[in-house]
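Since the structure comes first, as structure tokens, the remarks are kept for the end.
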Protein chains: 2
Amino acid sequence: MQTLSIGELAERSGVASQAIRYYEKEKLMPAPQRTDANYRRYPLDAVDRLQFIVHAKHWGFSLDEIRELLILQDANGDRAQVKHIAGEKLHKIREQIKHLSRIEAVLSKTLNECVGEGPMQEGCPIIEAIAEREK
Amino acid sequence: MQTLSIGELAERSGVASQAIRYYEKEKLMPAPQRTDANYRRYPLDAVDRLQFIVHAKHWGFSLDEIRELLILQDANGDRAQVKHIAGEKLHKIREQIKHLSRIEAVLSKTLNECVGEGPMQEGCPIIEAIAEREK
DNA sequence: CTTGACCCTAAAGTCAGCTTAAAGGTTATG
DNA sequence: CATAACCTTTAAGCTGACTTTAGGGTCAAG
């Protein structure tokens with residue numbers, strides 16, 4: 001069976017060798033077999049696992065959360081647990097969207113109100129909005 | 001004129017003394033006058049400045065961005081510059097909302113598709129969504 | 001057989017925005 | 001006048017997700 005050195009794996013997955021070693025230390029990647037010279041040799045499907053990590057990171061999952069998902073996969077775990085983790089993540093994402101939307105609303109409103117000209121001796125609606133806004 | 005010790009300022013503003021010293025080092029707060037014993041004495045409006053910082057942080061501005069806004073205020077700067085900084089921030093916030101909304105859409109869709117029962121031998125729509133999703 | 005490209009480990013550095021600790025001076029209270 | 005509650009400084013620690021550095025070992029090409 002074909003195996004990959006860490007450098008080949010890095011190139012195929014787009015993840016730096018040192019990051020791969022870091023994922024191993026953090027238990028996201030299993031420790032691979034070693035050659036006599038103590039070089040890591042990875043099976044081909046290590047590429048998929050790394051890309052799962054990359055995608056999950058892009059989705060905003062932390063390494064801790066990704067580790068949980070991988071453990072469930074490795075253990076052929078319960079769908080309910082995966083759904084639970086994803087549900088919590090969805091909740092957090094919706095909270096973030098709410099928070100950002102509130103900011104977006106006030107900021108775009110004040111930007112419209114600001115003429116964007118002249119000095120600010122008598123105040124600037126943007127500065128004032130930041131200064132006064134509660135909560 | 002009444003002045004405040006750093007501890008009194010901390011209590012009135014809700015910002016820890018050490019954080020106030022940190023803001024001084026980072027040029028967000030001006031270095032205040034000192035007593036003979038080298039104690040900081042703040043004017044009352046230091047409370048407002050600190051609360052401006054707190055609010056701006058809550059809005060998602062970084063300390064670097066807040067410093068820029070404060071410099072414009074201190075210099076009685078140009079409204080156009082403030083509008084420019086706020087406009088860039090608004091753009092970044094809208095990008096973040098877009099990114100999160102895309103994730104929210106896919107994640108809530110896959111959560112609905114997942115029965116949330118049984119083991120995942122034959123795959124789980126959530127895991128697969130993460131694994132397969134491009135970009 | 002040597003040079004350069006790879007691989008190894010462990011430890012330290014990076015970013016932001018602080019917090020905590022260490023070691024000491026000052027001031028208010030009983 | 002002692003002691004607790006302030007204040008001072010500098011330096012180190014924290015989180016997350018790595019990257020960089022230091023100091024070696026290994027391997028393929030010429």
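Simple scheme: letters A, B, ... for chains in structure tokens order, numbers from 1 for residues in each chain, numbers from 1 for ligands in the order shown.
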Could you list, as a PyMOL selection string, every residue of chain D that has an atom within 10 Å of an atom of chain B, counting only C-alpha atoms (C1' of nucleotides)?
chain D and resi 6-8
Residues of chain B within 7 Å of chain A, only C-alpha atoms counted, as a list in words
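Using only C-alpha atoms, chain B residues at most 7 Å from chain A: Phe52, His55, Ala56, Trp59, Asn76, Gly77, Asp78, Arg79, Ala80, Lys83, Leu90, Ile93, Ile97, Leu100, Ile103, Glu104, Leu107, Ser108, Leu111, Gly116, Glu117, Gly118, Pro119, Met120, Gln121, Cys124, Ile130, Ala131 and Arg133 of chain B.
Comparing the minimum interatomic distances between chain C and each of B:Leu63, B:Ala10, B:Ala46, B:Met1, counting only C-alpha atoms (C1' of nucleotides), we find that B:Leu63 sits nearest.
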Output the contact residues of chain C with respect to chain B at a cut-off of 10 Å, based on only C-alpha atoms (C1' of nucleotides), as an NGL selection string.
:C and (16-19 or 25-26)
With C-alpha atoms (C1' of nucleotides) retained, export the selected residues as a PDB file, in the first residue's frame.
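The new file part-v8.pdb reads:
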```
ATOM      1  C1'  DA C  16      -4.679  40.570  21.037  1.00  0.00           C
ATOM      2  C1'  DG C  17      -5.970  42.078  25.081  1.00  0.00           C
ATOM      3  C1'  DC C  18      -5.431  41.717  28.842  1.00  0.00           C
ATOM      4  C1'  DT C  19      -4.479  39.224  33.952  1.00  0.00           C
ATOM      5  C1'  DG C  25       6.607  52.290  48.203  1.00  0.00           C
ATOM      6  C1'  DT C  26       2.460  55.217  50.278  1.00  0.00           C
TER       7       DT C  26
END
```
Would you mind writing down, as a ChimeraX atom specification, each residue of segment 14-115 of chain A that DSSP on the backbone assigns to helix (DSSP H, G or I)?
/A:17-25,46-58,63-74,79-113
Step one, run DSSP on the backbone; step two, keep only residues of chain A assigned to strand (DSSP E); then write them as a list in words.
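Checking each residue of chain A, the strand (DSSP E) ones are Thr3, Leu4, Gln33, Arg34, Arg40, Arg41, Tyr42 and Pro43 of chain A.
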Include N, CA, C and O atoms and write out the residues we just selected as a PDB file, in the first residue's frame.
```
ATOM      1  N   THR A   3       2.181   4.830   0.792  1.00  0.00           N
ATOM      2  CA  THR A   3       2.126   5.729   1.950  1.00  0.00           C
ATOM      3  C   THR A   3       2.802   7.038   1.576  1.00  0.00           C
ATOM      4  O   THR A   3       3.491   7.138   0.572  1.00  0.00           O
ATOM      5  N   LEU A   4       2.584   8.045   2.434  1.00  0.00           N
ATOM      6  CA  LEU A   4       3.095   9.383   2.155  1.00  0.00           C
ATOM      7  C   LEU A   4       4.009   9.850   3.274  1.00  0.00           C
ATOM      8  O   LEU A   4       3.745   9.594   4.447  1.00  0.00           O
ATOM      9  N   GLN A  33       2.431   5.327  11.394  1.00  0.00           N
ATOM     10  CA  GLN A  33       3.583   4.422  11.470  1.00  0.00           C
ATOM     11  C   GLN A  33       4.856   5.199  11.192  1.00  0.00           C
ATOM     12  O   GLN A  33       4.821   6.279  10.613  1.00  0.00           O
ATOM     13  N   ARG A  34       5.983   4.563  11.608  1.00  0.00           N
ATOM     14  CA  ARG A  34       7.273   5.197  11.380  1.00  0.00           C
ATOM     15  C   ARG A  34       8.174   4.257  10.591  1.00  0.00           C
ATOM     16  O   ARG A  34       8.069   3.035  10.702  1.00  0.00           O
ATOM     17  N   ARG A  40       7.695   9.654   9.706  1.00  0.00           N
ATOM     18  CA  ARG A  40       6.265   9.342   9.647  1.00  0.00           C
ATOM     19  C   ARG A  40       5.868   8.858   8.245  1.00  0.00           C
ATOM     20  O   ARG A  40       6.306   9.441   7.244  1.00  0.00           O
ATOM     21  N   ARG A  41       5.034   7.816   8.181  1.00  0.00           N
ATOM     22  CA  ARG A  41       4.463   7.368   6.905  1.00  0.00           C
ATOM     23  C   ARG A  41       2.951   7.352   7.061  1.00  0.00           C
ATOM     24  O   ARG A  41       2.410   6.640   7.918  1.00  0.00           O
ATOM     25  N   TYR A  42       2.277   8.097   6.198  1.00  0.00           N
ATOM     26  CA  TYR A  42       0.825   8.240   6.312  1.00  0.00           C
ATOM     27  C   TYR A  42       0.089   7.431   5.250  1.00  0.00           C
ATOM     28  O   TYR A  42       0.528   7.379   4.100  1.00  0.00           O
ATOM     29  N   PRO A  43      -1.028   6.824   5.625  1.00  0.00           N
ATOM     30  CA  PRO A  43      -1.889   6.209   4.610  1.00  0.00           C
ATOM     31  C   PRO A  43      -2.549   7.315   3.774  1.00  0.00           C
ATOM     32  O   PRO A  43      -2.646   8.466   4.222  1.00  0.00           O
TER      33      PRO A  43
END
```
Using only C-alpha atoms (C1' of nucleotides), can you tell me which of C:DT20, C:DT27, C:DT2, C:DT14 comes closest to DA12 of chain D?
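Comparing C:DT20, C:DT27, C:DT2, C:DT14 against DA12 of chain D, the winner is C:DT20.
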Polymer residues at most 12 Å from DG13 of chain C, only C-alpha atoms (C1' of nucleotides), same-chain spacing of 6 or more positions, as a PyMOL selection string:
chain D and resi 18-21
Residues as selected, all heavy atoms, written as a PDB file, in the first residue's frame, can you do that?
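As a result, out_1.pdb now contains:
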```
ATOM      1  P    DC D  18      -4.395  25.676  12.829  1.00  0.00           P
ATOM      2  OP1  DC D  18      -4.097  26.175  11.481  1.00  0.00           O
ATOM      3  OP2  DC D  18      -5.569  24.827  13.048  1.00  0.00           O
ATOM      4  O5'  DC D  18      -3.144  24.911  13.395  1.00  0.00           O
ATOM      5  C5'  DC D  18      -1.835  25.129  12.957  1.00  0.00           C
ATOM      6  C4'  DC D  18      -1.319  26.524  13.232  1.00  0.00           C
ATOM      7  O4'  DC D  18      -1.189  26.744  14.627  1.00  0.00           O
ATOM      8  C3'  DC D  18       0.056  26.740  12.630  1.00  0.00           C
ATOM      9  O3'  DC D  18      -0.059  27.537  11.457  1.00  0.00           O
ATOM     10  C2'  DC D  18       0.862  27.449  13.702  1.00  0.00           C
ATOM     11  C1'  DC D  18      -0.109  27.636  14.854  1.00  0.00           C
ATOM     12  N1   DC D  18       0.520  27.285  16.147  1.00  0.00           N
ATOM     13  C2   DC D  18       1.416  28.183  16.738  1.00  0.00           C
ATOM     14  O2   DC D  18       1.656  29.260  16.188  1.00  0.00           O
ATOM     15  N3   DC D  18       2.002  27.845  17.919  1.00  0.00           N
ATOM     16  C4   DC D  18       1.713  26.678  18.489  1.00  0.00           C
ATOM     17  N4   DC D  18       2.303  26.397  19.636  1.00  0.00           N
ATOM     18  C5   DC D  18       0.808  25.755  17.892  1.00  0.00           C
ATOM     19  C6   DC D  18       0.253  26.087  16.729  1.00  0.00           C
ATOM     20  P    DT D  19       1.146  27.398  10.388  1.00  0.00           P
ATOM     21  OP1  DT D  19       0.678  28.074   9.150  1.00  0.00           O
ATOM     22  OP2  DT D  19       1.614  26.007  10.361  1.00  0.00           O
ATOM     23  O5'  DT D  19       2.315  28.275  11.048  1.00  0.00           O
ATOM     24  C5'  DT D  19       2.141  29.673  11.212  1.00  0.00           C
ATOM     25  C4'  DT D  19       3.461  30.284  11.681  1.00  0.00           C
ATOM     26  O4'  DT D  19       3.768  29.831  13.023  1.00  0.00           O
ATOM     27  C3'  DT D  19       4.674  29.925  10.821  1.00  0.00           C
ATOM     28  O3'  DT D  19       5.420  31.130  10.667  1.00  0.00           O
ATOM     29  C2'  DT D  19       5.422  28.884  11.654  1.00  0.00           C
ATOM     30  C1'  DT D  19       5.085  29.306  13.067  1.00  0.00           C
ATOM     31  N1   DT D  19       5.038  28.236  14.100  1.00  0.00           N
ATOM     32  C2   DT D  19       5.729  28.428  15.282  1.00  0.00           C
ATOM     33  O2   DT D  19       6.418  29.408  15.505  1.00  0.00           O
ATOM     34  N3   DT D  19       5.585  27.419  16.197  1.00  0.00           N
ATOM     35  C4   DT D  19       4.835  26.271  16.052  1.00  0.00           C
ATOM     36  O4   DT D  19       4.772  25.456  16.966  1.00  0.00           O
ATOM     37  C5   DT D  19       4.137  26.133  14.790  1.00  0.00           C
ATOM     38  C7   DT D  19       3.319  24.914  14.540  1.00  0.00           C
ATOM     39  C6   DT D  19       4.273  27.117  13.888  1.00  0.00           C
ATOM     40  P    DT D  20       6.730  31.144   9.783  1.00  0.00           P
ATOM     41  OP1  DT D  20       6.757  32.453   9.100  1.00  0.00           O
ATOM     42  OP2  DT D  20       6.821  29.891   8.994  1.00  0.00           O
ATOM     43  O5'  DT D  20       7.876  31.130  10.884  1.00  0.00           O
ATOM     44  C5'  DT D  20       7.757  31.962  12.032  1.00  0.00           C
ATOM     45  C4'  DT D  20       8.961  31.753  12.946  1.00  0.00           C
ATOM     46  O4'  DT D  20       8.719  30.656  13.854  1.00  0.00           O
ATOM     47  C3'  DT D  20      10.258  31.430  12.202  1.00  0.00           C
ATOM     48  O3'  DT D  20      11.265  32.284  12.732  1.00  0.00           O
ATOM     49  C2'  DT D  20      10.523  29.958  12.534  1.00  0.00           C
ATOM     50  C1'  DT D  20       9.852  29.804  13.887  1.00  0.00           C
ATOM     51  N1   DT D  20       9.321  28.464  14.228  1.00  0.00           N
ATOM     52  C2   DT D  20       9.592  27.928  15.476  1.00  0.00           C
ATOM     53  O2   DT D  20      10.269  28.501  16.305  1.00  0.00           O
ATOM     54  N3   DT D  20       9.027  26.709  15.708  1.00  0.00           N
ATOM     55  C4   DT D  20       8.241  25.969  14.848  1.00  0.00           C
ATOM     56  O4   DT D  20       7.800  24.885  15.181  1.00  0.00           O
ATOM     57  C5   DT D  20       8.003  26.583  13.562  1.00  0.00           C
ATOM     58  C7   DT D  20       7.164  25.872  12.549  1.00  0.00           C
ATOM     59  C6   DT D  20       8.543  27.782  13.316  1.00  0.00           C
ATOM     60  P    DT D  21      12.763  32.226  12.201  1.00  0.00           P
ATOM     61  OP1  DT D  21      13.263  33.614  12.211  1.00  0.00           O
ATOM     62  OP2  DT D  21      12.827  31.427  10.951  1.00  0.00           O
ATOM     63  O5'  DT D  21      13.509  31.438  13.368  1.00  0.00           O
ATOM     64  C5'  DT D  21      13.206  31.748  14.729  1.00  0.00           C
ATOM     65  C4'  DT D  21      13.981  30.828  15.646  1.00  0.00           C
ATOM     66  O4'  DT D  21      13.252  29.596  15.843  1.00  0.00           O
ATOM     67  C3'  DT D  21      15.359  30.436  15.124  1.00  0.00           C
ATOM     68  O3'  DT D  21      16.287  30.609  16.182  1.00  0.00           O
ATOM     69  C2'  DT D  21      15.206  28.966  14.745  1.00  0.00           C
ATOM     70  C1'  DT D  21      14.161  28.512  15.746  1.00  0.00           C
ATOM     71  N1   DT D  21      13.348  27.325  15.390  1.00  0.00           N
ATOM     72  C2   DT D  21      13.105  26.359  16.355  1.00  0.00           C
ATOM     73  O2   DT D  21      13.544  26.429  17.486  1.00  0.00           O
ATOM     74  N3   DT D  21      12.331  25.314  15.940  1.00  0.00           N
ATOM     75  C4   DT D  21      11.780  25.135  14.689  1.00  0.00           C
ATOM     76  O4   DT D  21      11.094  24.144  14.453  1.00  0.00           O
ATOM     77  C5   DT D  21      12.067  26.167  13.729  1.00  0.00           C
ATOM     78  C7   DT D  21      11.524  26.051  12.349  1.00  0.00           C
ATOM     79  C6   DT D  21      12.830  27.204  14.115  1.00  0.00           C
TER      80       DT D  21
END
```
So the first atom is atom CA of Leu44 of chain A and the second is atom C1' of DC6 of chain C; what is the distance between them in Å, to one decimal place?
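Rounded to one decimal, the two atoms are 19.7 Å apart.
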Using only C-alpha atoms (C1' of nucleotides), determine which residues lie at most 12 Å from DT3 of chain C, disregarding the query and same-chain residues fewer than 3 positions distant; provide the list as a ChimeraX atom specification.
/D:27-30
Just C-alpha atoms (C1' of nucleotides) for this one: save the residues we selected as a PDB file, in the first residue's frame.
```pdb
ATOM      1  C1'  DC D  27      18.619  10.111   2.100  1.00  0.00           C
ATOM      2  C1'  DA D  28      19.085  10.777  -3.033  1.00  0.00           C
ATOM      3  C1'  DA D  29      21.791  12.815  -6.713  1.00  0.00           C
ATOM      4  C1'  DG D  30      26.008  13.816  -8.949  1.00  0.00           C
TER       5       DG D  30
END
```
